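The file query.pdb contains PDB, C-alpha atoms:
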MODEL        1
ATOM      1  CA  MET A   1     -18.038  20.907 -12.726
ATOM      2  CA  SER A   2     -21.492  19.350 -12.646
ATOM      3  CA  PRO A   3     -22.325  16.244 -10.581
ATOM      4  CA  ARG A   4     -22.903  14.350 -13.833
ATOM      5  CA  ARG A   5     -19.385  15.100 -15.049
ATOM      6  CA  ALA A   6     -18.011  14.199 -11.633
ATOM      7  CA  ARG A   7     -19.682  10.802 -11.776
ATOM      8  CA  ARG A   8     -18.262  10.126 -15.225
ATOM      9  CA  GLY A   9     -14.785  10.939 -13.872
ATOM     10  CA  VAL A  10     -15.249   8.433 -11.063
ATOM     11  CA  HIS A  11     -16.416   5.753 -13.512
ATOM     12  CA  ARG A  12     -13.157   6.070 -15.458
ATOM     13  CA  ARG A  13     -11.364   4.608 -12.465
ATOM     14  CA  ASP A  14     -10.864   0.848 -12.459
ATOM     15  CA  ALA A  15     -13.147  -0.280  -9.645
ATOM     16  CA  ARG A  16     -11.235  -3.550  -9.286
ATOM     17  CA  VAL A  17      -8.093  -1.621  -8.357
ATOM     18  CA  ASP A  18     -10.000   0.547  -5.883
ATOM     19  CA  MET A  19     -11.624  -2.526  -4.333
ATOM     20  CA  LEU A  20      -8.255  -4.263  -4.046
ATOM     21  CA  ARG A  21      -6.936  -1.159  -2.307
ATOM     22  CA  GLY A  22      -9.960  -1.347  -0.012
ATOM     23  CA  LEU A  23      -9.050  -4.938   0.842
ATOM     24  CA  ALA A  24      -5.518  -3.726   1.580
ATOM     25  CA  LEU A  25      -7.045  -1.342   4.128
ATOM     26  CA  VAL A  26      -8.870  -4.230   5.808
ATOM     27  CA  SER A  27      -5.642  -6.230   5.861
ATOM     28  CA  MET A  28      -3.901  -3.239   7.446
ATOM     29  CA  PHE A  29      -6.540  -2.920  10.172
ATOM     30  CA  VAL A  30      -6.122  -6.597  11.026
ATOM     31  CA  ALA A  31      -2.323  -6.338  11.011
ATOM     32  CA  HIS A  32      -2.419  -3.306  13.305
ATOM     33  CA  CYS A  33      -5.081  -4.419  15.770
ATOM     34  CA  ALA A  34      -5.733  -8.181  15.710
ATOM     35  CA  PRO A  35      -5.016  -9.622  19.180
ATOM     36  CA  ASP A  36      -4.285 -13.113  17.823
ATOM     37  CA  ASP A  37      -3.684 -15.000  14.590
ATOM     38  CA  GLY A  38      -7.388 -15.604  13.992
ATOM     39  CA  PRO A  39      -8.974 -18.631  12.299
ATOM     40  CA  PHE A  40      -6.570 -20.658  10.148
ATOM     41  CA  ARG A  41      -3.861 -18.132  11.114
ATOM     42  CA  LEU A  42      -5.210 -15.790   8.449
ATOM     43  CA  ALA A  43      -4.594 -12.715  10.608
ATOM     44  CA  ALA A  44      -0.902 -13.618  10.747
ATOM     45  CA  LEU A  45      -0.744 -13.381   6.948
ATOM     46  CA  THR A  46      -1.718  -9.704   7.047
ATOM     47  CA  GLU A  47       1.640  -8.878   8.644
ATOM     48  CA  PHE A  48       3.293 -10.219   5.506
ATOM     49  CA  ALA A  49       0.765  -8.940   2.976
ATOM     50  CA  THR A  50      -0.235  -5.373   3.833
ATOM     51  CA  ALA A  51       2.767  -3.171   3.022
ATOM     52  CA  PRO A  52       3.734  -5.230  -0.068
ATOM     53  CA  LEU A  53       0.157  -4.978  -1.355
ATOM     54  CA  PHE A  54       0.177  -1.195  -1.020
ATOM     55  CA  ALA A  55       3.534  -1.052  -2.832
ATOM     56  CA  LEU A  56       2.202  -3.323  -5.590
ATOM     57  CA  LEU A  57      -0.810  -1.019  -5.978
ATOM     58  CA  ILE A  58       1.534   1.947  -6.407
ATOM     59  CA  GLY A  59       2.918   0.184  -9.469
ATOM     60  CA  ILE A  60      -0.539  -0.554 -10.848
ATOM     61  CA  SER A  61      -1.661   3.013 -10.174
ATOM     62  CA  ALA A  62       1.352   4.336 -12.093
ATOM     63  CA  MET A  63       0.150   2.363 -15.104
ATOM     64  CA  LEU A  64      -3.311   3.884 -14.788
ATOM     65  CA  ALA A  65      -2.468   7.416 -13.675
ATOM     66  CA  ASP A  66      -1.959   9.222 -16.960
ATOM     67  CA  ARG A  67      -3.363   6.757 -19.501
ATOM     68  CA  GLY A  68      -0.451   7.653 -21.777
ATOM     69  CA  ASN A  69      -1.501  11.323 -21.960
ATOM     70  CA  ALA A  70       1.470  12.788 -20.095
ATOM     71  CA  GLY A  71       5.169  12.665 -20.758
ATOM     72  CA  LEU A  72       7.688  11.435 -18.227
ATOM     73  CA  THR A  73       8.527  14.920 -16.944
ATOM     74  CA  VAL A  74       4.901  15.765 -16.178
ATOM     75  CA  ALA A  75       4.241  12.335 -14.661
ATOM     76  CA  PHE A  76       7.399  12.596 -12.545
ATOM     77  CA  VAL A  77       6.485  16.054 -11.210
ATOM     78  CA  ARG A  78       2.968  14.879 -10.391
ATOM     79  CA  ALA A  79       4.436  11.876  -8.594
ATOM     80  CA  GLY A  80       6.724  14.265  -6.724
ATOM     81  CA  VAL A  81       3.693  16.143  -5.435
ATOM     82  CA  ARG A  82       2.077  12.891  -4.282
ATOM     83  CA  ALA A  83       5.319  11.782  -2.634
ATOM     84  CA  ALA A  84       5.681  15.143  -0.865
ATOM     85  CA  VAL A  85       2.118  14.806   0.442
ATOM     86  CA  LEU A  86       2.944  11.346   1.823
ATOM     87  CA  VAL A  87       6.071  12.645   3.564
ATOM     88  CA  ALA A  88       4.305  15.685   5.014
ATOM     89  CA  LEU A  89       1.358  13.658   6.286
ATOM     90  CA  GLY A  90       3.610  10.929   7.638
ATOM     91  CA  LEU A  91       5.757  13.375   9.608
ATOM     92  CA  TRP A  92       2.595  15.112  10.864
ATOM     93  CA  ILE A  93       0.809  12.015  12.188
ATOM     94  CA  GLU A  94       3.807  10.052  13.516
ATOM     95  CA  PRO A  95       3.918  11.973  16.856
ATOM     96  CA  TRP A  96       0.192  11.438  17.558
ATOM     97  CA  GLY A  97       0.951   8.396  19.687
ATOM     98  CA  ALA A  98      -0.672   5.500  17.824
ATOM     99  CA  GLN A  99       1.048   2.150  18.307
ATOM    100  CA  VAL A 100       1.728   1.972  14.575
ATOM    101  CA  ASP A 101       4.872   2.360  12.497
ATOM    102  CA  VAL A 102       3.460   4.887  10.025
ATOM    103  CA  VAL A 103       4.190   3.679   6.494
ATOM    104  CA  LEU A 104       3.494   6.878   4.535
ATOM    105  CA  VAL A 105       7.058   8.227   4.475
ATOM    106  CA  TYR A 106       8.344   4.836   3.327
ATOM    107  CA  LEU A 107       5.862   4.728   0.436
ATOM    108  CA  ALA A 108       6.977   8.152  -0.822
ATOM    109  CA  LEU A 109      10.023   6.929  -2.755
ATOM    110  CA  PRO A 110       8.187   4.089  -4.564
ATOM    111  CA  THR A 111       5.523   6.675  -5.441
ATOM    112  CA  LEU A 112       8.178   9.053  -6.790
ATOM    113  CA  PHE A 113       9.941   6.407  -8.876
ATOM    114  CA  ALA A 114       6.785   4.683 -10.154
ATOM    115  CA  PRO A 115       6.297   6.816 -13.329
ATOM    116  CA  LEU A 116       9.840   6.017 -14.434
ATOM    117  CA  LEU A 117       9.439   2.324 -13.608
ATOM    118  CA  ALA A 118       6.147   2.226 -15.537
ATOM    119  CA  ARG A 119       8.050   3.190 -18.701
ATOM    120  CA  LEU A 120      10.635   0.420 -18.419
ATOM    121  CA  PRO A 121      10.308  -2.977 -20.138
ATOM    122  CA  ASP A 122       9.352  -6.006 -18.096
ATOM    123  CA  THR A 123      12.813  -7.548 -18.319
ATOM    124  CA  VAL A 124      14.391  -4.467 -16.746
ATOM    125  CA  LEU A 125      11.717  -4.337 -14.030
ATOM    126  CA  LEU A 126      12.233  -7.998 -13.204
ATOM    127  CA  GLY A 127      15.978  -7.348 -13.087
ATOM    128  CA  ILE A 128      15.496  -4.464 -10.643
ATOM    129  CA  ALA A 129      13.155  -6.545  -8.490
ATOM    130  CA  THR A 130      15.508  -9.535  -8.476
ATOM    131  CA  THR A 131      18.526  -7.385  -7.628
ATOM    132  CA  SER A 132      16.633  -5.687  -4.799
ATOM    133  CA  TRP A 133      15.545  -9.075  -3.475
ATOM    134  CA  ALA A 134      19.039 -10.555  -3.673
ATOM    135  CA  ALA A 135      20.705  -7.574  -1.999
ATOM    136  CA  ALA A 136      18.031  -6.877   0.635
ATOM    137  CA  PRO A 137      19.496  -8.795   3.619
ATOM    138  CA  ALA A 138      23.039  -7.481   3.081
ATOM    139  CA  LEU A 139      21.806  -3.928   2.533
ATOM    140  CA  LEU A 140      19.662  -4.158   5.671
ATOM    141  CA  SER A 141      22.641  -5.177   7.817
ATOM    142  CA  TRP A 142      24.931  -2.565   6.277
ATOM    143  CA  GLY A 143      22.278   0.158   6.375
ATOM    144  CA  ARG A 144      21.472  -0.404  10.038
ATOM    145  CA  THR A 145      25.137   0.115  10.885
ATOM    146  CA  ARG A 146      25.131   3.396   8.953
ATOM    147  CA  SER A 147      21.813   4.400  10.513
ATOM    148  CA  THR A 148      23.117   3.774  14.022
ATOM    149  CA  GLU A 149      26.280   5.761  13.290
ATOM    150  CA  ALA A 150      24.188   8.687  12.070
ATOM    151  CA  LEU A 151      22.011   8.520  15.185
ATOM    152  CA  VAL A 152      25.025   8.478  17.506
ATOM    153  CA  ALA A 153      26.488  11.444  15.622
ATOM    154  CA  GLY A 154      23.270  13.377  16.143
ATOM    155  CA  ASP A 155      22.410  13.340  12.434
ATOM    156  CA  ASP A 156      18.647  12.820  12.675
ATOM    157  CA  VAL A 157      18.069  13.474   8.976
ATOM    158  CA  GLY A 158      20.751  11.006   7.929
ATOM    159  CA  HIS A 159      19.418   8.427  10.378
ATOM    160  CA  ARG A 160      15.926   8.769   8.933
ATOM    161  CA  LEU A 161      17.130   8.577   5.341
ATOM    162  CA  TRP A 162      19.052   5.382   6.014
ATOM    163  CA  ASP A 163      15.932   3.902   7.603
ATOM    164  CA  VAL A 164      13.678   4.854   4.705
ATOM    165  CA  VAL A 165      16.011   3.521   2.027
ATOM    166  CA  VAL A 166      17.556   0.346   3.465
ATOM    167  CA  ALA A 167      17.368   0.030   7.243
ATOM    168  CA  GLY A 168      13.810   0.584   8.496
ATOM    169  CA  PRO A 169      12.588  -1.704  11.277
ATOM    170  CA  HIS A 170       9.472  -2.679   9.307
ATOM    171  CA  TYR A 171       9.573  -1.001   5.886
ATOM    172  CA  ARG A 172      12.342   0.014   3.493
ATOM    173  CA  LEU A 173      12.662   1.031  -0.144
ATOM    174  CA  THR A 174      14.799  -1.958  -1.070
ATOM    175  CA  THR A 175      11.909  -4.286  -0.206
ATOM    176  CA  LEU A 176       8.985  -2.132  -1.335
ATOM    177  CA  LEU A 177      10.624  -1.577  -4.725
ATOM    178  CA  VAL A 178      10.277  -5.296  -5.459
ATOM    179  CA  PHE A 179       6.511  -5.023  -5.210
ATOM    180  CA  THR A 180       6.156  -1.763  -7.135
ATOM    181  CA  CYS A 181       7.975  -3.414 -10.038
ATOM    182  CA  LEU A 182       5.879  -6.547  -9.580
ATOM    183  CA  GLY A 183       2.657  -4.535  -9.735
ATOM    184  CA  ILE A 184       3.612  -3.020 -13.088
ATOM    185  CA  VAL A 185       4.624  -6.377 -14.581
ATOM    186  CA  LEU A 186       1.531  -8.196 -13.333
ATOM    187  CA  TRP A 187      -0.816  -5.475 -14.569
ATOM    188  CA  ARG A 188       0.694  -5.624 -18.058
ATOM    189  CA  TRP A 189       0.582  -9.411 -18.070
ATOM    190  CA  THR A 190      -3.040  -9.667 -16.971
ATOM    191  CA  ARG A 191      -4.029  -7.314 -19.795
ATOM    192  CA  GLY A 192      -2.558  -9.625 -22.407
ATOM    193  CA  VAL A 193      -3.538 -13.135 -21.328
ATOM    194  CA  PRO A 194      -6.856 -14.952 -20.848
ATOM    195  CA  ALA A 195      -8.382 -14.614 -17.409
ATOM    196  CA  TRP A 196      -8.035 -18.331 -16.775
ATOM    197  CA  SER A 197      -4.253 -18.117 -17.298
ATOM    198  CA  ALA A 198      -3.915 -15.308 -14.757
ATOM    199  CA  GLY A 199      -6.196 -17.145 -12.341
ATOM    200  CA  LEU A 200      -4.239 -20.375 -12.647
ATOM    201  CA  ALA A 201      -0.945 -18.565 -12.110
ATOM    202  CA  GLY A 202      -2.441 -16.861  -9.063
ATOM    203  CA  LEU A 203      -3.593 -20.156  -7.581
ATOM    204  CA  VAL A 204      -0.165 -21.727  -8.120
ATOM    205  CA  ALA A 205       1.498 -18.763  -6.409
ATOM    206  CA  LEU A 206      -0.934 -18.909  -3.487
ATOM    207  CA  ALA A 207      -0.286 -22.645  -3.141
ATOM    208  CA  GLY A 208       3.437 -21.890  -2.982
ATOM    209  CA  ALA A 209       2.794 -19.289  -0.274
ATOM    210  CA  ALA A 210       0.741 -21.830   1.687
ATOM    211  CA  LEU A 211       3.589 -24.344   1.515
ATOM    212  CA  LEU A 212       6.089 -21.761   2.757
ATOM    213  CA  MET A 213       3.816 -20.809   5.654
ATOM    214  CA  ALA A 214       3.329 -24.489   6.529
ATOM    215  CA  ALA A 215       7.092 -24.974   6.569
ATOM    216  CA  LYS A 216       7.475 -21.908   8.779
ATOM    217  CA  THR A 217       4.768 -23.075  11.182
ATOM    218  CA  SER A 218       6.344 -26.527  11.476
ATOM    219  CA  GLY A 219       9.767 -25.028  12.165
ATOM    220  CA  ARG A 220      11.443 -26.291   8.991
ATOM    221  CA  LEU A 221      11.983 -22.709   7.782
ATOM    222  CA  ALA A 222      12.694 -19.613   9.863
ATOM    223  CA  PHE A 223      11.589 -16.140   8.805
ATOM    224  CA  GLU A 224       9.363 -13.426  10.230
ATOM    225  CA  PRO A 225       7.364 -10.466   8.956
ATOM    226  CA  TYR A 226       9.521  -7.428   8.181
ATOM    227  CA  ASP A 227      12.823  -9.268   8.730
ATOM    228  CA  GLY A 228      14.075  -8.474   5.213
ATOM    229  CA  SER A 229      15.198 -12.041   4.552
ATOM    230  CA  HIS A 230      15.052 -13.729   1.181
ATOM    231  CA  LEU A 231      12.377 -16.149   2.388
ATOM    232  CA  GLU A 232      10.164 -13.376   3.742
ATOM    233  CA  ILE A 233      10.213 -11.532   0.435
ATOM    234  CA  VAL A 234       9.595 -14.734  -1.552
ATOM    235  CA  LEU A 235       6.557 -15.514   0.591
ATOM    236  CA  GLU A 236       5.221 -11.994   0.096
ATOM    237  CA  VAL A 237       5.746 -12.138  -3.673
ATOM    238  CA  LEU A 238       3.819 -15.403  -3.854
ATOM    239  CA  LEU A 239       1.110 -14.231  -1.464
ATOM    240  CA  VAL A 240       0.511 -10.722  -2.778
ATOM    241  CA  GLY A 241       1.263 -11.478  -6.422
ATOM    242  CA  GLY A 242      -0.888 -14.597  -6.345
ATOM    243  CA  PHE A 243      -3.805 -12.819  -4.728
ATOM    244  CA  ALA A 244      -3.625  -9.923  -7.193
ATOM    245  CA  LEU A 245      -3.558 -12.291 -10.170
ATOM    246  CA  ALA A 246      -6.505 -14.271  -8.846
ATOM    247  CA  TRP A 247      -8.389 -11.055  -8.069
ATOM    248  CA  PHE A 248      -8.072  -9.598 -11.554
ATOM    249  CA  ALA A 249      -8.861 -12.990 -13.102
ATOM    250  CA  VAL A 250     -12.048 -13.561 -11.104
ATOM    251  CA  VAL A 251     -13.517 -10.075 -10.677
ATOM    252  CA  PRO A 252     -15.164  -8.723 -13.872
ATOM    253  CA  GLU A 253     -14.002  -5.312 -15.071
ATOM    254  CA  ARG A 254     -17.433  -3.741 -14.637
ATOM    255  CA  PHE A 255     -18.131  -5.278 -11.211
ATOM    256  CA  CYS A 256     -18.108  -2.859  -8.282
ATOM    257  CA  LEU A 257     -18.892  -2.979  -4.575
ATOM    258  CA  PRO A 258     -19.434   0.754  -4.030
ATOM    259  CA  ALA A 259     -18.498   0.911  -0.352
ATOM    260  CA  LEU A 260     -15.291  -1.085  -0.836
ATOM    261  CA  ALA A 261     -14.333   0.878  -3.961
ATOM    262  CA  ALA A 262     -15.023   4.195  -2.215
ATOM    263  CA  ALA A 263     -12.796   3.151   0.691
ATOM    264  CA  GLY A 264     -10.049   2.151  -1.719
ATOM    265  CA  SER A 265     -10.217   5.434  -3.612
ATOM    266  CA  MET A 266      -9.985   7.343  -0.306
ATOM    267  CA  THR A 267      -7.134   5.340   1.196
ATOM    268  CA  LEU A 268      -4.993   8.265   2.316
ATOM    269  CA  SER A 269      -7.791  10.006   4.208
ATOM    270  CA  VAL A 270      -8.862   6.697   5.769
ATOM    271  CA  TYR A 271      -5.263   5.997   6.805
ATOM    272  CA  VAL A 272      -4.972   9.318   8.630
ATOM    273  CA  LEU A 273      -8.339   8.770  10.347
ATOM    274  CA  GLN A 274      -7.135   5.331  11.440
ATOM    275  CA  ILE A 275      -4.042   6.818  13.097
ATOM    276  CA  ALA A 276      -6.189   9.477  14.782
ATOM    277  CA  TYR A 277      -8.560   6.851  16.176
ATOM    278  CA  LEU A 278      -5.818   4.510  17.400
ATOM    279  CA  ALA A 279      -3.934   7.400  19.007
ATOM    280  CA  TRP A 280      -7.128   8.475  20.786
ATOM    281  CA  TYR A 281      -7.769   4.873  21.869
ATOM    282  CA  VAL A 282      -4.383   4.394  23.596
ATOM    283  CA  ARG A 283      -3.951   7.954  24.900
ATOM    284  CA  GLU A 284      -7.457   8.922  25.983
ATOM    285  CA  LEU A 285      -9.870   5.981  26.015
ATOM    286  CA  HIS A 286      -7.546   3.293  27.425
ATOM    287  CA  PRO A 287      -4.317   4.997  28.517
ATOM    288  CA  GLY A 288      -1.342   2.671  28.714
ATOM    289  CA  GLU A 289      -3.107  -0.274  27.076
ATOM    290  CA  ARG A 290      -2.442  -1.942  23.747
ATOM    291  CA  ASP A 291      -4.733  -1.295  20.793
ATOM    292  CA  ASP A 292      -4.869  -5.000  19.939
ATOM    293  CA  ALA A 293      -8.581  -5.825  19.968
ATOM    294  CA  TRP A 294     -10.994  -7.292  17.438
ATOM    295  CA  GLY A 295     -13.345  -4.484  18.413
ATOM    296  CA  ASN A 296     -10.865  -1.995  16.996
ATOM    297  CA  VAL A 297     -10.628  -4.016  13.786
ATOM    298  CA  GLY A 298     -14.426  -3.824  13.527
ATOM    299  CA  VAL A 299     -14.572  -0.089  14.235
ATOM    300  CA  LEU A 300     -11.921   0.646  11.629
ATOM    301  CA  CYS A 301     -13.523  -1.581   8.994
ATOM    302  CA  VAL A 302     -16.967  -0.055   9.501
ATOM    303  CA  GLY A 303     -15.514   3.458   9.464
ATOM    304  CA  ALA A 304     -13.568   2.763   6.279
ATOM    305  CA  LEU A 305     -16.691   1.490   4.515
ATOM    306  CA  VAL A 306     -19.139   4.104   5.791
ATOM    307  CA  LEU A 307     -17.253   7.405   5.975
ATOM    308  CA  PRO A 308     -16.111   7.519   2.319
ATOM    309  CA  MET A 309     -19.687   6.835   1.193
ATOM    310  CA  VAL A 310     -20.927   9.635   3.445
ATOM    311  CA  TRP A 311     -18.286  11.977   2.032
ATOM    312  CA  ARG A 312     -19.298  11.150  -1.538
ATOM    313  CA  SER A 313     -22.946  11.724  -0.736
ATOM    314  CA  LEU A 314     -22.097  15.203   0.530
ATOM    315  CA  VAL A 315     -19.388  16.163  -1.985
ATOM    316  CA  SER A 316     -20.099  15.488  -5.664
ATOM    317  CA  ARG A 317     -17.630  17.875  -7.308
ATOM    318  CA  GLU A 318     -14.513  16.375  -8.800
ATOM    319  CA  PRO A 319     -11.786  15.977  -7.678
ATOM    320  CA  TRP A 320     -13.015  16.656  -4.131
ATOM    321  CA  SER A 321     -15.427  13.720  -4.214
ATOM    322  CA  ARG A 322     -12.374  11.455  -4.054
ATOM    323  CA  GLY A 323     -11.747  12.514  -0.448
ATOM    324  CA  PRO A 324     -10.421  15.542   1.427
ATOM    325  CA  LEU A 325      -6.743  14.650   1.067
ATOM    326  CA  GLU A 326      -7.117  12.920  -2.291
ATOM    327  CA  GLY A 327      -9.068  15.865  -3.697
ATOM    328  CA  ALA A 328      -6.526  18.428  -2.548
ATOM    329  CA  THR A 329      -3.670  16.390  -4.021
ATOM    330  CA  ALA A 330      -5.500  15.876  -7.324
ATOM    331  CA  ALA A 331      -6.352  19.592  -7.528
ATOM    332  CA  VAL A 332      -2.625  20.386  -7.388
ATOM    333  CA  THR A 333      -1.466  17.677  -9.794
ATOM    334  CA  ARG A 334      -4.132  18.617 -12.368
ATOM    335  CA  VAL A 335      -2.543  22.014 -12.985
ATOM    336  CA  ILE A 336       0.795  20.363 -13.852
ATOM    337  CA  ARG A 337       0.783  19.890 -17.623
TER     338      ARG A 337
ENDMDL
END
Hey, can you dump this file as structure tokens for me?
Amino acid sequence: MSPRRARRGVHRRDARVDMLRGLALVSMFVAHCAPDDGPFRLAALTEFATAPLFALLIGISAMLADRGNAGLTVAFVRAGVRAAVLVALGLWIEPWGAQVDVVLVYLALPTLFAPLLARLPDTVLLGIATTSWAAAPALLSWGRTRSTEALVAGDDVGHRLWDVVVAGPHYRLTTLLVFTCLGIVLWRWTRGVPAWSAGLAGLVALAGAALLMAAKTSGRLAFEPYDGSHLEIVLEVLLVGGFALAWFAVVPERFCLPALAAAGSMTLSVYVLQIAYLAWYVRELHPGERDDAWGNVGVLCVGALVLPMVWRSLVSREPWSRGPLEGATAAVTRVIR
């Protein structure tokens, strides 16, 4: 494939989605490495926002993946390949020693189910999301009991499956599924309403999130990141959903910040490089210390913006220009027809 054809393939991507994914990377770096809450406690918000934003983007990506050109079977098999890649990479990088709960394995099931969800009507998706939200605390308590029983019985596979589905300490399908459904619904809605309507809805949602955070800070409400409570999920829906609505309302379709979009389109490769760097930092550079440092946030942000651009300057052939891991995955899924 010629470089010209490769560039046309890249242009078919929605740069706003790639840039939003790039912002999710920045949020992740802050959540993983910020030593304090930062100005206006903005860094504290990344603990609530990052994983839900990635799950929401899985839903949006499912809407964009096949552009209606593939049936459910083909889309589901392709999603199975992507999910298998996430599981394999997650299991590979988890033992490296970074002080991070690797999210890749947890994102595999939303990735697998996304093509099916993308073919459901909004009312069904909202019903699934609401049911998952309502049941999340009870399922978390019940699932952790089952997970502990499996661990005591020496059933490592069962223990891990319970964690991934309902009982994980930070991530779990029952919570992430809310945001995958939300991503699909919001994407459809923003395509059918004026930008000002989406922007206004986003601002209202963000105002609601600000009120919830103010109530939490003052002690009137009690919830924490990753606790699986109803209030935590409501805050994340308002925060992530509101930001996504405002983003798509404000950012023009043809607008692109190349470095941010390149980072967003190469998220998987950047994620693995992040884990490699943080593992090296705590095992080799500063043994026994925490990785919480604004310097690490800066290193990761600069790396995420620079390295994908360098890769694209060296590799122009599609699909490899997307990134080493992204290209390999796309090369496999392309042969599934």
Checklist line | Distance criterion (all atoms listed in the file): nearest to Ile128 in chain A out of A:Phe223, A:Trp96, A:Trp142, A:Phe179 | finding: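 Result for the nearest residue to Ile128 in chain A: A:Phe179.
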Next item on the list: Would you please work out which residue, of A:Ser229, A:Ala51, A:Ser61, A:Trp92, is nearest to Trp187 in chain A when using all atoms listed in the file?
Entry: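 Among the listed residues, A:Ser61 lies closest to Trp187 in chain A.
Atom pair CA of Glu232 in chain A / CA of Leu211 in chain A has a distance of 13.0 Å (rounded to one decimal).
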Around all of range 301-319 of chain A's listed atoms, make the axis-aligned box with 3 Å on each side and tell me centre and edge lengths in Å to one decimal, as JSON.
{"center_x": -17.4, "center_y": 8.1, "center_z": 0.4, "size_x": 17.2, "size_y": 25.5, "size_z": 24.3}
Explicit residues for the PyMOL selection byres ((chain A and resi 65) around 12) (as a short mmCIF file (atom, residue, chain, number, x, y, z; two decimals) with C-alpha atoms, in the coordinates of the input):
data_model
loop_
_atom_site.label_atom_id
_atom_site.label_comp_id
_atom_site.auth_asym_id
_atom_site.auth_seq_id
_atom_site.Cartn_x
_atom_site.Cartn_y
_atom_site.Cartn_z
CA ARG A 12 -13.16 6.07 -15.46
CA ARG A 13 -11.36 4.61 -12.46
CA ASP A 14 -10.86 0.85 -12.46
CA VAL A 17 -8.09 -1.62 -8.36
CA LEU A 57 -0.81 -1.02 -5.98
CA ILE A 58 1.53 1.95 -6.41
CA GLY A 59 2.92 0.18 -9.47
CA ILE A 60 -0.54 -0.55 -10.85
CA SER A 61 -1.66 3.01 -10.17
CA ALA A 62 1.35 4.34 -12.09
CA MET A 63 0.15 2.36 -15.10
CA LEU A 64 -3.31 3.88 -14.79
CA ASP A 66 -1.96 9.22 -16.96
CA ARG A 67 -3.36 6.76 -19.50
CA GLY A 68 -0.45 7.65 -21.78
CA ASN A 69 -1.50 11.32 -21.96
CA ALA A 70 1.47 12.79 -20.10
CA GLY A 71 5.17 12.66 -20.76
CA LEU A 72 7.69 11.44 -18.23
CA VAL A 74 4.90 15.76 -16.18
CA ALA A 75 4.24 12.34 -14.66
CA PHE A 76 7.40 12.60 -12.54
CA ARG A 78 2.97 14.88 -10.39
CA ALA A 79 4.44 11.88 -8.59
CA ARG A 82 2.08 12.89 -4.28
CA THR A 111 5.52 6.68 -5.44
CA ALA A 114 6.78 4.68 -10.15
CA PRO A 115 6.30 6.82 -13.33
CA ALA A 118 6.15 2.23 -15.54
CA ALA A 330 -5.50 15.88 -7.32
CA THR A 333 -1.47 17.68 -9.79
CA ARG A 334 -4.13 18.62 -12.37
#
Check: Quick one: distance from CA of Val26 in chain A to CA of Cys301 in chain A in Å, one decimal?
Finding: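 The value is 6.2 Å.
The shell of residues at most 8 Å from Gln274 in chain A, with only C-alpha atoms counted and near chain neighbours (fewer than 4 positions) removed, consists of Val270, Leu278 and Leu300 of chain A.
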Next item on the list: Tell me, as a PyMOL selection string, which residues lie within 7 Å of Leu104 in chain A, counting all atoms listed in the file; anything in the same chain fewer than 2 positions away does not count.
Entry: chain A and resi 86-87+90+102+106-108
Margin query: Could you tell me how far CA of Ala249 in chain A sits from CA of Val204 in chain A, in Å to one decimal place?
Written below: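 Distance between the two atoms: 13.3 Å.
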